[in-house]
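Shown next: target.txt, given as compact mmCIF, C-alpha atoms.
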```
# COMPACT_ATOMS: atom_id res chain seq x y z
CA MET U 51 100.53 54.20 148.25
CA ILE U 52 100.09 55.21 151.87
CA ILE U 53 96.34 55.33 152.45
CA SER U 54 94.86 54.36 155.79
CA ASP U 55 92.84 51.18 156.22
CA ARG U 56 89.88 53.24 157.38
CA ILE U 57 89.77 55.24 154.14
CA ARG U 58 90.24 52.10 152.04
CA LYS U 59 87.26 50.48 153.75
CA LEU U 60 85.12 53.60 153.38
CA ALA U 61 86.16 53.81 149.71
CA ALA U 62 84.87 50.29 149.10
CA GLU U 63 81.55 51.27 150.67
CA ALA U 64 81.44 54.49 148.63
CA GLU U 65 82.00 52.53 145.43
CA ARG U 66 79.14 50.20 146.35
CA LEU U 67 76.85 53.19 146.91
CA ALA U 68 77.89 54.73 143.58
CA ALA U 69 77.36 51.63 141.42
CA GLY U 70 73.90 52.64 140.18
CA SER U 71 75.09 56.09 139.12
CA PHE U 72 78.10 54.58 137.38
CA ALA U 73 75.84 52.46 135.17
CA SER U 74 73.81 55.51 134.08
CA ILE U 75 77.00 57.46 133.32
CA ASP U 76 78.26 54.62 131.12
CA GLU U 77 75.01 54.59 129.14
CA VAL U 78 75.32 58.30 128.35
CA ALA U 79 78.99 57.88 127.40
CA ALA U 80 78.12 55.05 124.99
CA ALA U 81 75.43 57.11 123.24
CA ASN U 82 77.63 60.21 122.99
CA THR U 83 80.54 58.15 121.67
CA GLU U 84 78.31 56.86 118.89
CA LYS U 85 77.30 60.44 118.06
CA VAL U 86 80.93 61.55 117.88
CA LEU U 87 82.06 58.55 115.84
CA ALA U 88 79.20 59.08 113.36
CA ALA U 89 80.28 62.70 112.88
CA PHE U 90 83.85 61.58 112.19
CA HIS U 91 82.53 59.12 109.59
CA ASN U 92 80.16 61.64 108.00
CA ASN U 93 83.00 64.14 107.58
CA ARG U 94 85.46 61.57 106.23
CA VAL U 95 88.23 62.23 108.75
CA SER U 96 91.61 61.27 107.31
CA GLU U 97 95.21 61.34 108.54
CA ALA U 98 95.96 64.18 106.12
CA MET U 99 93.78 66.44 108.27
CA PHE U 100 96.24 66.16 111.16
CA ALA U 101 99.13 67.87 109.34
CA GLY U 102 98.28 71.39 110.44
CA THR U 103 99.32 74.74 109.02
CA THR U 104 101.62 77.66 109.87
CA GLY U 105 101.51 81.40 109.27
CA TYR U 106 98.05 82.61 108.30
CA GLY U 107 96.61 79.11 108.26
CA TYR U 108 94.75 79.55 104.97
CA GLY U 109 93.11 76.41 103.57
CA ASP U 110 93.59 74.30 106.70
CA MET U 111 91.37 71.36 105.81
CA GLY U 112 91.73 69.78 109.23
CA ARG U 113 90.61 72.95 111.00
CA GLU U 114 87.66 73.32 108.64
CA ALA U 115 86.67 69.66 109.04
CA LEU U 116 86.85 69.93 112.84
CA ASP U 117 84.50 72.95 112.72
CA ARG U 118 82.00 70.91 110.70
CA ILE U 119 82.29 67.88 112.99
CA TRP U 120 81.81 70.07 116.05
CA ALA U 121 78.72 71.69 114.54
CA GLU U 122 77.22 68.28 113.74
CA ILE U 123 77.84 66.86 117.21
CA PHE U 124 76.43 69.94 118.93
CA GLY U 125 73.43 70.36 116.64
CA ALA U 126 74.61 73.74 115.36
CA GLU U 127 74.75 75.46 111.97
CA ALA U 128 78.44 76.29 112.41
CA ALA U 129 81.29 76.11 114.89
CA LEU U 130 84.59 77.84 115.56
CA VAL U 131 87.14 75.58 117.31
CA ARG U 132 90.43 77.39 117.87
CA LEU U 133 93.64 77.05 119.84
CA SER U 134 93.84 80.84 119.86
CA PHE U 135 91.02 81.15 122.39
CA ALA U 136 93.03 81.68 125.57
CA ASN U 137 90.39 80.02 127.77
CA GLY U 138 86.67 79.48 128.19
CA THR U 139 86.13 83.08 129.32
CA HIS U 140 87.70 84.28 126.06
CA ALA U 141 85.36 82.09 123.99
CA ILE U 142 82.28 83.15 125.98
CA ALA U 143 83.29 86.80 125.73
CA SER U 144 83.57 86.47 121.93
CA ALA U 145 80.07 84.96 121.86
CA LEU U 146 78.65 87.80 123.98
CA TYR U 147 80.26 90.47 121.79
CA ALA U 148 78.74 88.72 118.77
CA ALA U 149 75.24 88.64 120.25
CA ALA U 150 74.90 92.00 122.05
CA LYS U 151 75.33 95.30 120.19
CA PRO U 152 76.07 98.81 121.50
CA GLY U 153 72.92 100.43 122.89
CA GLN U 154 71.40 97.06 123.77
CA THR U 155 71.18 95.31 127.13
CA LEU U 156 72.60 91.92 128.03
CA LEU U 157 70.31 90.04 130.41
CA SER U 158 71.60 87.22 132.59
CA ALA U 159 68.75 84.78 133.29
CA THR U 160 70.69 82.78 135.90
CA GLY U 161 71.90 85.42 138.30
CA ALA U 162 75.43 86.74 138.50
CA PRO U 163 77.76 85.10 135.96
CA TYR U 164 80.99 83.32 136.78
CA ASP U 165 83.66 85.53 138.36
CA THR U 166 85.92 85.90 135.32
CA LEU U 167 83.03 87.28 133.23
CA LEU U 168 82.35 90.17 135.61
CA GLY U 169 85.16 92.22 134.06
CA VAL U 170 84.13 91.23 130.53
CA ILE U 171 80.63 92.54 131.09
CA GLY U 172 81.77 95.55 133.11
CA ILE U 173 80.02 94.63 136.35
CA THR U 174 83.25 95.08 138.30
CA GLY U 175 86.29 97.22 137.64
CA SER U 176 86.84 99.61 134.76
CA HIS U 177 88.45 97.22 132.32
CA SER U 178 89.23 98.69 128.93
CA GLY U 179 87.21 97.00 126.20
CA SER U 180 84.41 95.65 128.43
CA LEU U 181 80.90 95.33 127.07
CA ARG U 182 79.87 98.27 129.26
CA GLU U 183 82.59 100.46 127.73
CA TYR U 184 81.23 99.59 124.29
CA GLY U 185 77.75 100.70 125.31
CA VAL U 186 76.19 97.35 126.21
CA ASN U 187 74.16 97.59 129.40
CA TYR U 188 73.56 94.76 131.84
CA ARG U 189 70.85 93.47 134.10
CA GLN U 190 70.17 90.11 135.71
CA VAL U 191 67.38 87.95 137.03
CA ASP U 192 68.40 85.99 140.10
CA LEU U 193 67.52 82.34 140.53
CA LEU U 194 64.82 81.45 143.03
CA PRO U 195 65.91 80.41 146.55
CA ASP U 196 65.72 76.74 145.51
CA GLY U 197 68.16 77.36 142.64
CA THR U 198 65.59 77.11 139.86
CA PRO U 199 64.94 79.79 137.21
CA ASP U 200 62.41 82.52 137.92
CA TYR U 201 60.49 82.18 134.66
CA ASP U 202 58.01 85.00 135.36
CA ALA U 203 60.81 87.43 136.14
CA ILE U 204 62.78 86.28 133.09
CA ALA U 205 59.78 86.86 130.82
CA GLU U 206 59.27 90.35 132.22
CA ALA U 207 62.96 91.30 132.04
CA ALA U 208 63.44 89.92 128.51
CA ALA U 209 60.44 91.70 126.99
CA PRO U 210 61.85 95.23 126.37
CA ASP U 211 63.06 95.96 122.83
CA ASN U 212 66.54 96.90 124.04
CA ILE U 213 67.30 93.37 125.27
CA GLY U 214 69.74 92.16 122.65
CA ALA U 215 71.02 88.96 124.25
CA VAL U 216 70.19 86.66 127.14
CA TYR U 217 72.99 84.82 128.93
CA ILE U 218 72.56 81.44 130.64
CA GLN U 219 75.21 79.75 132.77
CA ARG U 220 74.88 75.97 132.65
CA SER U 221 77.28 75.03 135.45
CA ARG U 222 77.26 76.06 139.10
CA GLY U 223 80.37 78.25 139.11
CA TYR U 224 81.60 79.40 142.52
CA SER U 225 78.18 79.24 144.10
CA GLY U 226 75.79 76.94 145.90
CA ARG U 227 73.38 76.87 142.97
CA LYS U 228 72.74 73.68 141.04
CA ALA U 229 73.91 73.03 137.50
CA LEU U 230 71.08 73.27 134.98
CA PRO U 231 69.93 70.31 132.88
CA VAL U 232 69.58 71.06 129.18
CA GLU U 233 65.82 70.59 129.52
CA THR U 234 65.66 73.49 131.99
CA ILE U 235 67.84 75.60 129.69
CA GLY U 236 65.31 74.78 126.97
CA GLU U 237 62.49 76.10 129.17
CA ILE U 238 64.40 79.34 129.76
CA ILE U 239 64.93 79.69 126.00
CA LYS U 240 61.25 79.08 125.35
CA THR U 241 60.36 81.74 127.93
CA VAL U 242 62.71 84.25 126.30
CA ARG U 243 61.42 83.48 122.79
CA LEU U 244 57.81 84.11 123.82
CA ALA U 245 58.72 87.38 125.51
CA ASN U 246 61.21 88.64 122.93
CA PRO U 247 61.80 86.65 119.73
CA ARG U 248 64.51 89.12 118.64
CA ALA U 249 66.88 88.44 121.55
CA TYR U 250 69.72 85.98 121.06
CA VAL U 251 70.40 83.34 123.73
CA VAL U 252 74.03 82.61 124.63
CA VAL U 253 74.88 79.65 126.89
CA ASP U 254 78.08 79.27 128.89
CA ASN U 255 78.44 75.54 128.30
CA CYS U 256 81.60 75.00 130.39
CA TYR U 257 81.74 71.73 132.37
CA GLY U 258 78.49 70.47 130.79
CA GLU U 259 79.52 69.02 127.42
CA PHE U 260 78.71 65.30 127.00
CA VAL U 261 77.25 65.02 130.50
CA GLN U 262 73.80 64.51 128.96
CA LEU U 263 72.61 63.13 125.64
CA SER U 264 71.76 66.62 124.31
CA GLU U 265 73.34 70.07 124.31
CA PRO U 266 71.76 73.53 124.70
CA THR U 267 71.87 74.07 120.93
CA ASP U 268 69.50 71.11 120.58
CA PHE U 269 67.03 73.16 122.64
CA GLY U 270 67.33 76.36 120.64
CA ALA U 271 70.36 78.20 122.03
CA ASP U 272 71.71 80.64 119.45
CA LEU U 273 75.29 80.28 120.67
CA ILE U 274 77.16 78.05 123.09
CA ALA U 275 80.76 78.48 124.12
CA GLY U 276 83.32 76.71 126.24
CA SER U 277 86.91 75.61 126.80
CA LEU U 278 88.90 72.84 125.11
CA ILE U 279 90.85 72.11 128.30
CA LYS U 280 87.59 71.14 129.97
CA ASN U 281 85.16 68.46 128.79
CA PRO U 282 85.29 68.56 124.98
CA GLY U 283 89.08 68.48 124.70
CA GLY U 284 89.13 65.02 126.24
CA GLY U 285 92.31 65.76 128.19
CA LEU U 286 94.37 65.93 124.98
CA ALA U 287 93.69 69.43 123.63
CA PRO U 288 96.63 71.59 124.75
CA ALA U 289 94.68 74.87 124.78
CA GLY U 290 91.74 76.61 123.13
CA GLY U 291 88.02 77.09 123.14
CA TYR U 292 84.97 76.91 120.90
CA VAL U 293 81.83 78.74 119.87
CA ALA U 294 78.96 76.94 118.12
CA GLY U 295 75.48 77.92 116.99
CA ARG U 296 73.91 80.11 114.32
CA SER U 297 76.31 80.62 111.41
CA GLY U 298 76.03 84.43 111.36
CA LEU U 299 76.72 84.70 115.07
CA VAL U 300 79.62 82.24 114.87
CA GLU U 301 81.16 84.38 112.13
CA ALA U 302 80.65 87.49 114.27
CA ALA U 303 82.46 85.73 117.13
CA ALA U 304 85.26 84.80 114.70
CA ASN U 305 85.57 88.46 113.72
CA ARG U 306 85.99 89.30 117.39
CA LEU U 307 88.66 86.60 117.80
CA THR U 308 90.68 87.65 114.73
CA ALA U 309 89.56 90.75 112.80
CA PRO U 310 86.47 91.78 110.80
CA GLY U 311 86.80 90.44 107.29
CA LEU U 312 89.19 87.68 108.34
CA GLY U 313 86.95 85.79 110.74
CA GLY U 314 87.43 82.04 110.81
CA GLU U 315 89.39 81.88 107.56
CA VAL U 316 92.72 82.34 109.37
CA GLY U 317 94.38 80.69 112.32
CA ALA U 318 97.28 78.26 112.02
CA THR U 319 96.94 74.93 113.84
CA LEU U 320 100.72 74.50 114.20
CA GLY U 321 100.66 70.72 114.20
CA HIS U 322 98.11 70.36 117.02
CA SER U 323 95.19 69.21 114.86
CA ARG U 324 95.56 65.55 115.78
CA GLN U 325 95.28 66.37 119.49
CA LEU U 326 92.06 68.31 118.89
CA PHE U 327 90.51 65.53 116.81
CA GLN U 328 91.63 62.79 119.19
CA GLY U 329 90.60 64.78 122.25
CA LEU U 330 87.09 65.28 120.87
CA PHE U 331 86.90 61.57 120.04
CA MET U 332 87.90 60.70 123.62
CA ALA U 333 85.71 63.33 125.25
CA PRO U 334 82.56 61.29 126.01
CA HIS U 335 84.64 58.60 127.71
CA THR U 336 86.85 61.08 129.56
CA VAL U 337 83.82 63.03 130.80
CA ALA U 338 82.39 59.76 132.11
CA GLN U 339 85.61 59.14 134.04
CA ALA U 340 85.36 62.60 135.59
CA MET U 341 81.71 62.09 136.51
CA LYS U 342 82.42 58.74 138.14
CA THR U 343 85.19 60.36 140.16
CA ALA U 344 82.77 63.09 141.28
CA VAL U 345 80.12 60.56 142.32
CA PHE U 346 82.69 58.53 144.25
CA CYS U 347 83.92 61.71 145.94
CA ALA U 348 80.39 62.63 147.01
CA ALA U 349 79.77 59.18 148.45
CA LEU U 350 83.07 59.06 150.35
CA MET U 351 82.73 62.61 151.71
CA GLU U 352 79.17 61.94 152.85
CA LEU U 353 80.37 58.83 154.67
CA LEU U 354 82.91 61.07 156.40
CA GLY U 355 80.16 63.48 157.46
CA TYR U 356 80.67 66.34 155.00
CA ASP U 357 78.01 68.08 152.91
CA ALA U 358 78.46 67.23 149.23
CA ALA U 359 76.50 68.73 146.33
CA PRO U 360 75.26 67.00 144.31
CA GLY U 361 74.82 64.01 146.60
CA TYR U 362 76.12 60.71 145.26
CA ALA U 363 72.62 59.55 144.26
CA GLU U 364 71.46 62.87 142.74
CA PRO U 365 71.31 63.51 138.99
CA ARG U 366 74.29 65.41 137.56
CA TYR U 367 74.38 68.08 134.88
CA ASP U 368 78.06 69.05 135.01
CA ILE U 369 81.29 67.43 136.19
CA ILE U 370 81.72 69.62 139.28
CA GLN U 371 81.51 68.27 142.82
CA ALA U 372 81.16 70.76 145.67
CA ILE U 373 82.13 69.92 149.26
CA ASP U 374 81.53 72.27 152.19
CA PHE U 375 84.29 72.25 154.81
CA LYS U 376 83.21 75.33 156.83
CA ASP U 377 86.84 75.64 157.95
CA PRO U 378 89.72 77.14 155.92
CA ALA U 379 92.25 74.72 157.43
CA LEU U 380 90.23 71.68 156.33
CA LEU U 381 89.74 73.16 152.87
CA LYS U 382 93.51 73.66 152.49
CA ARG U 383 94.18 70.10 153.70
CA PHE U 384 91.77 68.65 151.15
CA CYS U 385 93.32 70.67 148.31
CA ALA U 386 96.77 69.57 149.46
CA GLY U 387 95.57 65.96 149.28
CA ILE U 388 94.24 66.39 145.74
CA GLN U 389 97.58 67.90 144.73
CA GLY U 390 99.36 65.02 146.44
CA GLY U 391 97.33 62.54 144.41
CA ALA U 392 98.19 64.16 141.07
CA PRO U 393 100.57 62.65 138.51
CA VAL U 394 102.34 66.01 138.05
CA ASP U 395 103.78 68.23 140.82
CA SER U 396 102.46 65.90 143.51
CA PHE U 397 105.20 67.21 145.81
CA ALA U 398 103.90 70.81 145.64
CA SER U 399 101.70 72.42 148.28
CA PRO U 400 98.88 74.66 146.96
CA GLU U 401 98.43 78.02 148.67
CA PRO U 402 95.74 80.70 148.24
CA TRP U 403 96.74 83.53 145.90
CA ASP U 404 95.36 86.55 144.07
CA MET U 405 94.34 84.79 140.89
CA PRO U 406 93.56 87.08 137.89
CA GLY U 407 89.84 87.60 137.31
CA TYR U 408 88.71 86.84 140.89
CA ASN U 409 87.79 89.24 143.68
CA CYS U 410 89.27 87.15 146.49
CA GLN U 411 92.15 84.76 147.02
CA VAL U 412 91.72 81.35 145.40
CA ILE U 413 93.41 78.07 146.26
CA MET U 414 93.90 75.66 143.39
CA ALA U 415 95.16 72.09 143.35
CA ALA U 416 96.05 71.24 139.79
CA GLY U 417 98.80 68.70 139.21
CA THR U 418 97.89 68.43 135.55
CA PHE U 419 99.66 67.56 132.31
CA ILE U 420 98.10 70.67 130.74
CA GLN U 421 98.19 73.82 132.82
CA GLY U 422 94.77 74.64 134.23
CA ALA U 423 93.06 71.67 132.56
CA SER U 424 90.04 71.04 134.73
CA ILE U 425 89.09 67.88 132.85
CA GLU U 426 92.09 66.48 134.74
CA LEU U 427 91.65 65.93 138.48
CA SER U 428 91.74 69.36 140.06
CA CYS U 429 90.18 71.28 142.90
CA ASP U 430 89.82 74.99 143.50
CA ALA U 431 88.07 77.18 146.00
CA PRO U 432 87.61 80.84 146.88
CA MET U 433 88.90 81.44 150.41
CA LEU U 434 85.55 82.63 151.70
CA PRO U 435 82.84 81.02 153.88
CA PRO U 436 81.49 78.35 153.66
CA TYR U 437 84.98 77.29 152.49
CA ARG U 438 83.56 75.18 149.71
CA ALA U 439 85.82 73.13 147.46
CA TYR U 440 84.92 72.67 143.80
CA LEU U 441 86.39 69.45 142.49
CA GLN U 442 86.31 68.41 138.87
CA GLY U 443 87.95 66.13 136.36
CA ALA U 444 89.98 62.89 136.23
CA LEU U 445 91.40 61.41 133.06
CA THR U 446 90.74 57.95 134.50
CA TYR U 447 88.38 56.95 137.27
CA GLU U 448 91.05 54.75 138.85
CA SER U 449 93.49 57.65 139.29
CA GLY U 450 90.70 60.01 140.33
CA LYS U 451 89.58 57.58 143.01
CA LEU U 452 93.11 57.39 144.41
CA GLY U 453 93.36 61.18 144.47
CA ILE U 454 90.11 61.47 146.42
CA MET U 455 91.25 58.80 148.89
CA ILE U 456 94.55 60.61 149.50
CA ALA U 457 92.67 63.89 150.04
CA ALA U 458 90.21 62.22 152.41
CA ASP U 459 93.11 60.83 154.44
CA LYS U 460 94.40 64.39 154.90
CA LEU U 461 91.20 65.19 156.82
```
Can you give me the file's structure in the form of structure tokens?
Amino acid sequence: MIISDRIRKLAAEAERLAAGSFASIDEVAAANTEKVLAAFHNNRVSEAMFAGTTGYGYGDMGREALDRIWAEIFGAEAALVRLSFANGTHAIASALYAAAKPGQTLLSATGAPYDTLLGVIGITGSHSGSLREYGVNYRQVDLLPDGTPDYDAIAEAAAPDNIGAVYIQRSRGYSGRKALPVETIGEIIKTVRLANPRAYVVVDNCYGEFVQLSEPTDFGADLIAGSLIKNPGGGLAPAGGYVAGRSGLVEAAANRLTAPGLGGEVGATLGHSRQLFQGLFMAPHTVAQAMKTAVFCAALMELLGYDAAPGYAEPRYDIIQAIDFKDPALLKRFCAGIQGGAPVDSFASPEPWDMPGYNCQVIMAAGTFIQGASIELSCDAPMLPPYRAYLQGALTYESGKLGIMIAADKL
């Protein structure tokens, strides 16, 4: 491949700088792989579970086993793992509708939620079916200037009786804030419980699964939700999302996904069960590949003089790597390089467009086997100052490294 000698030399230096972080990532992947394998053994996974169902999907033993395995891995009472979740936003929305009732208030403890949830909640637009239209109010507590939770403000805001649910976003989203470690999420949950033991806590777990040894449910979250074409699908799940947590709330989310009274008892798997099982099995390893790619990217971009967050030596709590370009032309070049390093549609040139669910144009480099799968090497950015790219994914570190090198050469 045509990569300049300068970038190849800097890449070797970046890899040397990243070696310590790589070792830590491998340790976490090994422990999480053992957890996943044990759950497969405990639930007696067999080839017969991969057959799948059609029509209503009644009695799908593979689907039911996968729900149990998911619940065990994530330390939850129950789980709902479904192809019929259109994306992570859909899964999170189902969790929020399950936790917050009409007349109550949803409180965000981590500032404004990710862009695509603004319409769900009713913060922006007048979308039919939003939580606001159903009588659920909203308020938020912003993070402190250093990106940490404002525990005093959270305790005060969570105390009123009308607070039905508290929302926590684990990852950084399109912002300069840091991703939250599960320990910090646990402190937020503890603060909420002391102030209002009746409020449910819902965690947007996107981009954080298998990054650490524990999950938010291990620290008391009532519900977590996320996408199967991010971390937990392992790059093999073709679509879908999940909700996990308290059994009653999971069933309420299932009623929102299908219909009250049907819940999680229906939903054909259409022959995709093997991909969901195998993707979950691969997920700890695949997440490690994505994290190594992110660390390498941070090291290389820092050597080139760009601001990267987290830095290559900083601890990581999601798979996202942010790089500030401060120039729209440089941002577009970098995204073009990531696209050029992809295995699919490498010949295409990404351009900003009015992407559904966002309030500004977004550029997205995503030469992926599965459309929109951000566990595969991808990069997206809102076309607004500071022209910050958000890179995530890589099915293998080796291919991710090459993609970063090609993008760096574009600069």
Inset, instruction - Determine the nearest neighbour of Ala304 in chain U from the options U:Ala379, U:Tyr292, U:Tyr447, U:Ala363, counting all atoms listed in the file. - result: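 Counting all atoms listed in the file, the residue closest to Ala304 in chain U is U:Tyr292.
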Legend entry - Selected residue, from U:Gly276, U:Gly109, U:Gly236, U:Gly70, that lies nearest to Ala141 in chain U when counting only C-alpha atoms: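 Nearest to Ala141 in chain U: U:Gly276.
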Legend entry - For CA of Ser277 in chain U and CA of Ser221 in chain U, the interatomic separation in Å (one decimal):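 CA of Ser221 in chain U lies 13.0 Å from CA of Ser277 in chain U.
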Legend entry - Coordinates-based distance that separates CA of Ala143 in chain U from CA of Leu167 in chain U (Å, one decimal):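 Computing the Euclidean distance for CA of Leu167 in chain U and CA of Ala143 in chain U yields 7.5 Å.
Closest approach to Asp459 in chain U from the set U:Thr418, U:Ser54, U:Thr103, U:Ser396 is made by U:Ser54, with distances taken over only C-alpha atoms.
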Legend entry - Contacts of Asn409 in chain U at 10 Å (all atoms listed in the file; same-chain gap of 6+ positions) as a VMD selection string: chain U and resid 165 to 166 168 174 432
